[in-house]
Amino acid sequence: MFGVSTYCLHHEPLSRALERLVPITDCVEVMDEGLHYLESAEPLESYSYLYFIHAPSRGVNIASILEPIRRASVEVLTQTFAIAAEVGADVVIHPGYYAWSQERERAAGRFRQSLDELTAAAADLSVTFFIENMGNWEYFFLRSCEDLPLIDGVGLALDVGHAHLNGCLDCFLTHPAAHFHLHDNNGTADTHSPVGAGTIDFVAVMDAVARSNVIPIVEVETLDGVTASIAALAAIDAAGQGG
């Protein structure tokens with residue numbers, strides 16, 4: 001099975017997006033931003049999906065060296081955990097960033113502090129969360145495999161498009177991942193293109209998905225692109241199984 005991110009329908013209200021995905025998948029990752037921002041679990045309870053929630057990331061920085069911002073960011077994510085607990089969803093979060101290269105070491109310490117606090121909050125709520133690797137955005141943590149020690153003890157949400165942009169997808173594919181975001185690009189821009197429209201080797205990606213034994217999430221920009229991607233991935237999957 002392939003899950004689908006509501007990102008492909010982010011311009012529509014969440015209720016409409018969830019309704020339109022019913023014929024396509026039984027697993028949905030809610031992009032908890034904009035029109036799909038969750039103030040409660042109520043919009044999700046009308047459907048029987050297996051849910052994941054991509055926590056808010058705009059304006060959130062769990063690595064901030066400004067303590068009020070770091071604390072508020074942890075609070076926002078903890079609120080997401082509480083909503084996720086109501087629908088049995090795992091949560092994907094971003095690792096945060098530092099504003100100046102000279103602040104990297106201090107920001108890494110704040111990042112680890114936030115992860116400790118979030119780990120405790122998740123345990124209290126019986127929620128699992130993963131940390132997503134970032135694209136080619138300067139000063140973000142977890143752009144390359146070199147930062148993997150920073151998330152020791154927390155599962156990796158491997159965004160294959162982001163890793164491809166940074167030229168390190170092969171490295172990330174050797175690391176056990178707890179979650180996957182699947183979309184394509186040509187290595188220069190984070191286009192969230194349909195599978196096959198860019199230069200990512202999805203045969204290698206699907207091998208890693210199979211090893212991880214998790215449901216991958218298709219995070220493509222358009223609904224037509226999602227359905228095309230699912231067809232392409234299913235064909236790769238079938239070929240890999242010899243059928």
# chains A, B, ... in the order shown; residues from 1 in each chain; ligands from 1
>>> select_by_dssp(residues="region 48-231 of chain A", states="strand (DSSP E)", output="ChimeraX atom specification")
/A:50-54,90-93,129-132,155-159,179-182,217-218
>>> write_last_selection(atoms="N, CA and C atoms", output="tab-separated table (two decimals), in the first residue's frame")
chain	number	residue	atom	x	y	z
A	50	LEU	N	-5.68	5.11	8.03
A	50	LEU	CA	-4.48	5.07	8.85
A	50	LEU	C	-3.80	6.42	8.66
A	51	TYR	N	-3.63	7.16	9.73
A	51	TYR	CA	-3.13	8.53	9.62
A	51	TYR	C	-1.67	8.66	10.05
A	52	PHE	N	-0.99	9.58	9.36
A	52	PHE	CA	0.24	10.20	9.83
A	52	PHE	C	-0.03	11.71	9.81
A	53	ILE	N	0.69	12.44	10.64
A	53	ILE	CA	0.56	13.89	10.64
A	53	ILE	C	1.94	14.52	10.46
A	54	HIS	N	2.05	15.39	9.46
A	54	HIS	CA	3.26	16.18	9.28
A	54	HIS	C	3.06	17.46	10.08
A	90	ASP	N	1.22	8.50	13.83
A	90	ASP	CA	2.61	8.88	14.04
A	90	ASP	C	2.81	10.28	13.46
A	91	VAL	N	3.86	10.96	13.91
A	91	VAL	CA	4.07	12.36	13.55
A	91	VAL	C	5.45	12.57	12.93
A	92	VAL	N	5.50	13.38	11.88
A	92	VAL	CA	6.76	13.78	11.25
A	92	VAL	C	7.05	15.22	11.63
A	93	ILE	N	8.29	15.49	12.06
A	93	ILE	CA	8.67	16.86	12.41
A	93	ILE	C	9.93	17.26	11.65
A	129	PHE	N	7.22	9.67	16.93
A	129	PHE	CA	7.52	10.72	15.96
A	129	PHE	C	8.83	10.44	15.25
A	130	PHE	N	8.94	10.99	14.05
A	130	PHE	CA	10.11	10.83	13.21
A	130	PHE	C	10.62	12.21	12.81
A	131	ILE	N	11.90	12.28	12.46
A	131	ILE	CA	12.50	13.55	12.03
A	131	ILE	C	12.87	13.46	10.56
A	132	GLU	N	12.43	14.45	9.80
A	132	GLU	CA	12.62	14.46	8.36
A	132	GLU	C	13.94	15.12	7.97
A	155	GLY	N	13.50	8.02	15.15
A	155	GLY	CA	13.42	7.48	13.81
A	155	GLY	C	13.59	8.55	12.73
A	156	LEU	N	14.15	8.12	11.60
A	156	LEU	CA	14.34	9.00	10.44
A	156	LEU	C	13.15	8.90	9.50
A	157	ALA	N	12.60	10.06	9.14
A	157	ALA	CA	11.63	10.13	8.04
A	157	ALA	C	12.42	10.54	6.80
A	158	LEU	N	12.69	9.58	5.93
A	158	LEU	CA	13.56	9.83	4.78
A	158	LEU	C	12.76	10.43	3.63
A	159	ASP	N	13.00	11.70	3.36
A	159	ASP	CA	12.43	12.36	2.20
A	159	ASP	C	13.43	12.19	1.06
A	179	HIS	N	10.16	5.91	8.10
A	179	HIS	CA	9.10	6.57	7.35
A	179	HIS	C	9.71	7.08	6.06
A	180	PHE	N	8.91	7.17	5.00
A	180	PHE	CA	9.42	7.65	3.70
A	180	PHE	C	8.46	8.67	3.10
A	181	HIS	N	9.04	9.71	2.49
A	181	HIS	CA	8.31	10.62	1.62
A	181	HIS	C	8.87	10.41	0.20
A	182	LEU	N	7.97	10.09	-0.73
A	182	LEU	CA	8.39	9.79	-2.10
A	182	LEU	C	7.92	10.88	-3.06
A	217	ILE	N	4.87	7.26	1.92
A	217	ILE	CA	3.92	8.33	1.63
A	217	ILE	C	4.32	9.03	0.33
A	218	VAL	N	3.39	9.07	-0.62
A	218	VAL	CA	3.61	9.81	-1.86
A	218	VAL	C	3.31	11.29	-1.59
>>> residues_around(residues="Arg58 (chain A)", least_positions_apart="3", cutoff="12 Å", atoms="only C-alpha atoms", output="VMD selection string")
chain A and resid 31 to 34 37 54 to 55 61 to 62 73 76 to 77 93 to 97
>>> write_last_selection(atoms="C-alpha atoms", output="mmCIF file, in the first residue's frame")
data_model
loop_
_atom_site.group_PDB
_atom_site.id
_atom_site.type_symbol
_atom_site.label_atom_id
_atom_site.label_comp_id
_atom_site.auth_asym_id
_atom_site.auth_seq_id
_atom_site.Cartn_x
_atom_site.Cartn_y
_atom_site.Cartn_z
ATOM 1 C CA MET A 31 0.116 18.285 5.980
ATOM 2 C CA ASP A 32 -0.708 20.210 9.143
ATOM 3 C CA GLU A 33 -0.289 23.687 7.625
ATOM 4 C CA GLY A 34 -2.455 26.318 5.936
ATOM 5 C CA TYR A 37 -3.945 23.047 9.996
ATOM 6 C CA HIS A 54 3.264 16.178 9.281
ATOM 7 C CA ALA A 55 3.545 18.685 12.121
ATOM 8 C CA ASN A 61 12.308 26.037 15.011
ATOM 9 C CA ILE A 62 13.176 23.495 17.688
ATOM 10 C CA SER A 73 8.144 25.436 18.991
ATOM 11 C CA VAL A 76 3.359 23.591 19.068
ATOM 12 C CA LEU A 77 4.684 20.119 18.299
ATOM 13 C CA ILE A 93 8.671 16.865 12.409
ATOM 14 C CA HIS A 94 11.411 19.093 10.999
ATOM 15 C CA PRO A 95 14.802 19.361 12.751
ATOM 16 C CA GLY A 96 15.118 23.133 12.844
ATOM 17 C CA TYR A 97 17.870 25.467 11.753
#
>>> atom_distance(atom1="CA of Pro23 (chain A)", atom2="CA of Arg211 (chain A)")
27.4 Å
>>> select_by_dssp(residues="region 12-126 of chain A", states="alpha helix (DSSP H)", output="mmCIF file with C-alpha atoms, in the first residue's frame")
data_model
loop_
_atom_site.group_PDB
_atom_site.id
_atom_site.type_symbol
_atom_site.label_atom_id
_atom_site.label_comp_id
_atom_site.auth_asym_id
_atom_site.auth_seq_id
_atom_site.Cartn_x
_atom_site.Cartn_y
_atom_site.Cartn_z
ATOM 1 C CA LEU A 14 -9.047 19.480 4.591
ATOM 2 C CA SER A 15 -12.502 17.865 4.613
ATOM 3 C CA ARG A 16 -12.635 18.044 0.815
ATOM 4 C CA ALA A 17 -9.076 16.730 0.487
ATOM 5 C CA LEU A 18 -9.808 13.744 2.710
ATOM 6 C CA GLU A 19 -12.957 12.965 0.721
ATOM 7 C CA ARG A 20 -11.113 13.075 -2.604
ATOM 8 C CA LEU A 21 -8.424 10.670 -1.370
ATOM 9 C CA GLU A 67 14.793 30.199 24.206
ATOM 10 C CA PRO A 68 11.223 31.612 23.986
ATOM 11 C CA ILE A 69 11.053 30.550 20.325
ATOM 12 C CA ARG A 70 12.478 27.105 21.065
ATOM 13 C CA ARG A 71 10.013 26.554 23.922
ATOM 14 C CA ALA A 72 7.081 27.728 21.817
ATOM 15 C CA SER A 73 8.144 25.436 18.991
ATOM 16 C CA VAL A 74 8.228 22.449 21.322
ATOM 17 C CA GLU A 75 4.785 23.456 22.599
ATOM 18 C CA VAL A 76 3.359 23.591 19.068
ATOM 19 C CA LEU A 77 4.684 20.119 18.299
ATOM 20 C CA THR A 78 3.447 18.744 21.614
ATOM 21 C CA GLN A 79 -0.034 19.994 20.725
ATOM 22 C CA THR A 80 0.288 18.102 17.438
ATOM 23 C CA PHE A 81 1.257 14.982 19.406
ATOM 24 C CA ALA A 82 -1.921 15.333 21.483
ATOM 25 C CA ILE A 83 -4.091 15.450 18.353
ATOM 26 C CA ALA A 84 -2.169 12.537 16.841
ATOM 27 C CA ALA A 85 -2.782 10.475 19.971
ATOM 28 C CA GLU A 86 -6.537 10.785 19.444
ATOM 29 C CA VAL A 87 -6.382 9.143 15.999
ATOM 30 C CA ARG A 104 25.646 25.857 14.644
ATOM 31 C CA GLU A 105 27.142 24.241 17.751
ATOM 32 C CA ARG A 106 24.836 26.118 20.132
ATOM 33 C CA ALA A 107 21.828 25.360 17.931
ATOM 34 C CA ALA A 108 22.730 21.665 17.865
ATOM 35 C CA GLY A 109 22.595 21.665 21.658
ATOM 36 C CA ARG A 110 19.161 23.313 21.615
ATOM 37 C CA PHE A 111 18.035 20.777 19.027
ATOM 38 C CA ARG A 112 19.037 17.892 21.270
ATOM 39 C CA GLN A 113 17.357 19.583 24.251
ATOM 40 C CA SER A 114 14.139 19.882 22.262
ATOM 41 C CA LEU A 115 14.335 16.252 21.152
ATOM 42 C CA ASP A 116 14.674 15.155 24.770
ATOM 43 C CA GLU A 117 11.580 17.185 25.713
ATOM 44 C CA LEU A 118 9.619 15.933 22.698
ATOM 45 C CA THR A 119 10.612 12.342 23.410
ATOM 46 C CA ALA A 120 9.223 12.679 26.938
ATOM 47 C CA ALA A 121 6.004 14.286 25.660
ATOM 48 C CA ALA A 122 5.559 11.592 23.029
ATOM 49 C CA ALA A 123 6.062 8.871 25.624
ATOM 50 C CA ASP A 124 3.424 10.453 27.885
ATOM 51 C CA LEU A 125 0.944 10.441 24.984
#
>>> atom_distance(atom1="CA of Thr6 (chain A)", atom2="CA of Pro56 (chain A)")
13.4 Å
>>> residues_around(residues="Arg143 (chain A)", least_positions_apart="5", cutoff="10 Å", atoms="only C-alpha atoms", output="JSON list (two decimals) with all heavy atoms, in the first residue's frame")
[["chain", "number", "residue", "atom", "x", "y", "z"],
["A", 95, "PRO", "N", 13.75, 19.28, 11.73],
["A", 95, "PRO", "CA", 14.80, 19.36, 12.75],
["A", 95, "PRO", "C", 15.17, 20.77, 13.18],
["A", 95, "PRO", "O", 15.89, 20.93, 14.17],
["A", 95, "PRO", "CB", 15.99, 18.70, 12.06],
["A", 95, "PRO", "CG", 15.76, 18.96, 10.60],
["A", 95, "PRO", "CD", 14.28, 18.91, 10.42],
["A", 132, "GLU", "N", 12.43, 14.45, 9.80],
["A", 132, "GLU", "CA", 12.62, 14.46, 8.36],
["A", 132, "GLU", "C", 13.94, 15.12, 7.97],
["A", 132, "GLU", "O", 14.27, 16.19, 8.50],
["A", 132, "GLU", "CB", 11.45, 15.20, 7.70],
["A", 132, "GLU", "CG", 11.52, 15.28, 6.19],
["A", 132, "GLU", "CD", 10.33, 16.02, 5.61],
["A", 132, "GLU", "OE1", 9.40, 16.36, 6.38],
["A", 132, "GLU", "OE2", 10.34, 16.27, 4.40],
["A", 133, "ASN", "N", 14.65, 14.51, 7.04],
["A", 133, "ASN", "CA", 15.85, 15.16, 6.49],
["A", 133, "ASN", "C", 15.43, 16.32, 5.59],
["A", 133, "ASN", "O", 14.39, 16.30, 4.94],
["A", 133, "ASN", "CB", 16.70, 14.16, 5.71],
["A", 133, "ASN", "CG", 15.96, 13.56, 4.53],
["A", 133, "ASN", "OD1", 14.93, 12.89, 4.70],
["A", 133, "ASN", "ND2", 16.46, 13.78, 3.33],
["A", 134, "MET", "N", 16.25, 17.35, 5.58],
["A", 134, "MET", "CA", 15.90, 18.59, 4.89],
["A", 134, "MET", "C", 16.49, 18.68, 3.48],
["A", 134, "MET", "O", 17.45, 18.01, 3.14],
["A", 134, "MET", "CB", 16.38, 19.79, 5.72],
["A", 134, "MET", "CG", 15.66, 19.93, 7.06],
["A", 134, "MET", "SD", 13.93, 20.46, 6.91],
["A", 134, "MET", "CE", 13.07, 18.86, 6.87],
["A", 135, "GLY", "N", 15.88, 19.56, 2.68],
["A", 135, "GLY", "CA", 16.36, 19.81, 1.33],
["A", 135, "GLY", "C", 17.56, 20.75, 1.33],
["A", 135, "GLY", "O", 18.25, 20.91, 2.33],
["A", 136, "ASN", "N", 17.79, 21.41, 0.18],
["A", 136, "ASN", "CA", 18.98, 22.25, 0.05],
["A", 136, "ASN", "C", 18.72, 23.65, 0.57],
["A", 136, "ASN", "O", 18.88, 24.65, -0.13],
["A", 136, "ASN", "CB", 19.48, 22.28, -1.39],
["A", 136, "ASN", "CG", 18.41, 22.71, -2.38],
["A", 136, "ASN", "OD1", 17.22, 22.82, -2.03],
["A", 136, "ASN", "ND2", 18.81, 22.96, -3.62],
["A", 137, "TRP", "N", 18.29, 23.72, 1.83],
["A", 137, "TRP", "CA", 18.03, 24.98, 2.51],
["A", 137, "TRP", "C", 19.17, 25.25, 3.48],
["A", 137, "TRP", "O", 19.36, 24.51, 4.45],
["A", 137, "TRP", "CB", 16.69, 24.91, 3.26],
["A", 137, "TRP", "CG", 15.54, 24.50, 2.39],
["A", 137, "TRP", "CD1", 15.28, 24.93, 1.12],
["A", 137, "TRP", "CD2", 14.51, 23.57, 2.73],
["A", 137, "TRP", "NE1", 14.14, 24.32, 0.65],
["A", 137, "TRP", "CE2", 13.64, 23.49, 1.62],
["A", 137, "TRP", "CE3", 14.23, 22.83, 3.87],
["A", 137, "TRP", "CZ2", 12.53, 22.66, 1.61],
["A", 137, "TRP", "CZ3", 13.12, 22.00, 3.86],
["A", 137, "TRP", "CH2", 12.28, 21.94, 2.74],
["A", 138, "GLU", "N", 19.89, 26.31, 3.22],
["A", 138, "GLU", "CA", 21.09, 26.60, 4.00],
["A", 138, "GLU", "C", 20.74, 26.76, 5.49],
["A", 138, "GLU", "O", 19.71, 27.34, 5.84],
["A", 138, "GLU", "CB", 21.73, 27.89, 3.49],
["A", 138, "GLU", "CG", 23.14, 28.09, 3.99],
["A", 138, "GLU", "CD", 23.84, 29.24, 3.29],
["A", 138, "GLU", "OE1", 23.19, 29.94, 2.51],
["A", 138, "GLU", "OE2", 25.05, 29.42, 3.55],
["A", 148, "LEU", "N", 23.18, 12.61, 11.08],
["A", 148, "LEU", "CA", 22.36, 11.54, 11.65],
["A", 148, "LEU", "C", 22.63, 11.29, 13.14],
["A", 148, "LEU", "O", 21.69, 10.98, 13.88],
["A", 148, "LEU", "CB", 22.53, 10.25, 10.86],
["A", 148, "LEU", "CG", 21.78, 10.21, 9.52],
["A", 148, "LEU", "CD1", 22.21, 8.98, 8.70],
["A", 148, "LEU", "CD2", 20.28, 10.20, 9.74],
["A", 162, "HIS", "N", 14.43, 15.35, -0.98],
["A", 162, "HIS", "CA", 15.36, 16.22, -0.27],
["A", 162, "HIS", "C", 16.78, 15.65, -0.32],
["A", 162, "HIS", "O", 17.75, 16.38, -0.56],
["A", 162, "HIS", "CB", 14.94, 16.39, 1.18],
["A", 162, "HIS", "CG", 13.68, 17.18, 1.35],
["A", 162, "HIS", "ND1", 13.03, 17.29, 2.56],
["A", 162, "HIS", "CD2", 12.95, 17.91, 0.46],
["A", 162, "HIS", "CE1", 11.95, 18.05, 2.41],
["A", 162, "HIS", "NE2", 11.88, 18.43, 1.15],
["A", 163, "ALA", "N", 16.91, 14.36, -0.08],
["A", 163, "ALA", "CA", 18.23, 13.74, -0.10],
["A", 163, "ALA", "C", 18.86, 13.84, -1.49],
["A", 163, "ALA", "O", 20.07, 14.07, -1.62],
["A", 163, "ALA", "CB", 18.13, 12.29, 0.34],
["A", 165, "LEU", "N", 18.38, 16.20, -3.70],
["A", 165, "LEU", "CA", 18.82, 17.59, -3.90],
["A", 165, "LEU", "C", 20.21, 17.83, -3.31],
["A", 165, "LEU", "O", 20.99, 18.62, -3.83],
["A", 165, "LEU", "CB", 17.83, 18.56, -3.26],
["A", 165, "LEU", "CG", 16.51, 18.78, -3.98],
["A", 165, "LEU", "CD1", 15.58, 19.62, -3.12],
["A", 165, "LEU", "CD2", 16.73, 19.43, -5.33],
["A", 166, "ASN", "N", 20.49, 17.15, -2.21],
["A", 166, "ASN", "CA", 21.78, 17.32, -1.52],
["A", 166, "ASN", "C", 22.84, 16.32, -1.97],
["A", 166, "ASN", "O", 23.93, 16.28, -1.40],
["A", 166, "ASN", "CB", 21.57, 17.25, -0.01],
["A", 166, "ASN", "CG", 20.87, 18.47, 0.53],
["A", 166, "ASN", "OD1", 21.23, 19.60, 0.20],
["A", 166, "ASN", "ND2", 19.85, 18.27, 1.36],
["A", 167, "GLY", "N", 22.50, 15.50, -2.96],
["A", 167, "GLY", "CA", 23.47, 14.56, -3.51],
["A", 167, "GLY", "C", 23.85, 13.44, -2.57],
["A", 167, "GLY", "O", 24.94, 12.86, -2.71],
["A", 168, "CYS", "N", 22.97, 13.11, -1.63],
["A", 168, "CYS", "CA", 23.33, 12.10, -0.64],
["A", 168, "CYS", "C", 22.24, 11.04, -0.46],
["A", 168, "CYS", "O", 22.15, 10.43, 0.61],
["A", 168, "CYS", "CB", 23.66, 12.76, 0.69],
["A", 168, "CYS", "SG", 22.37, 13.83, 1.34]]
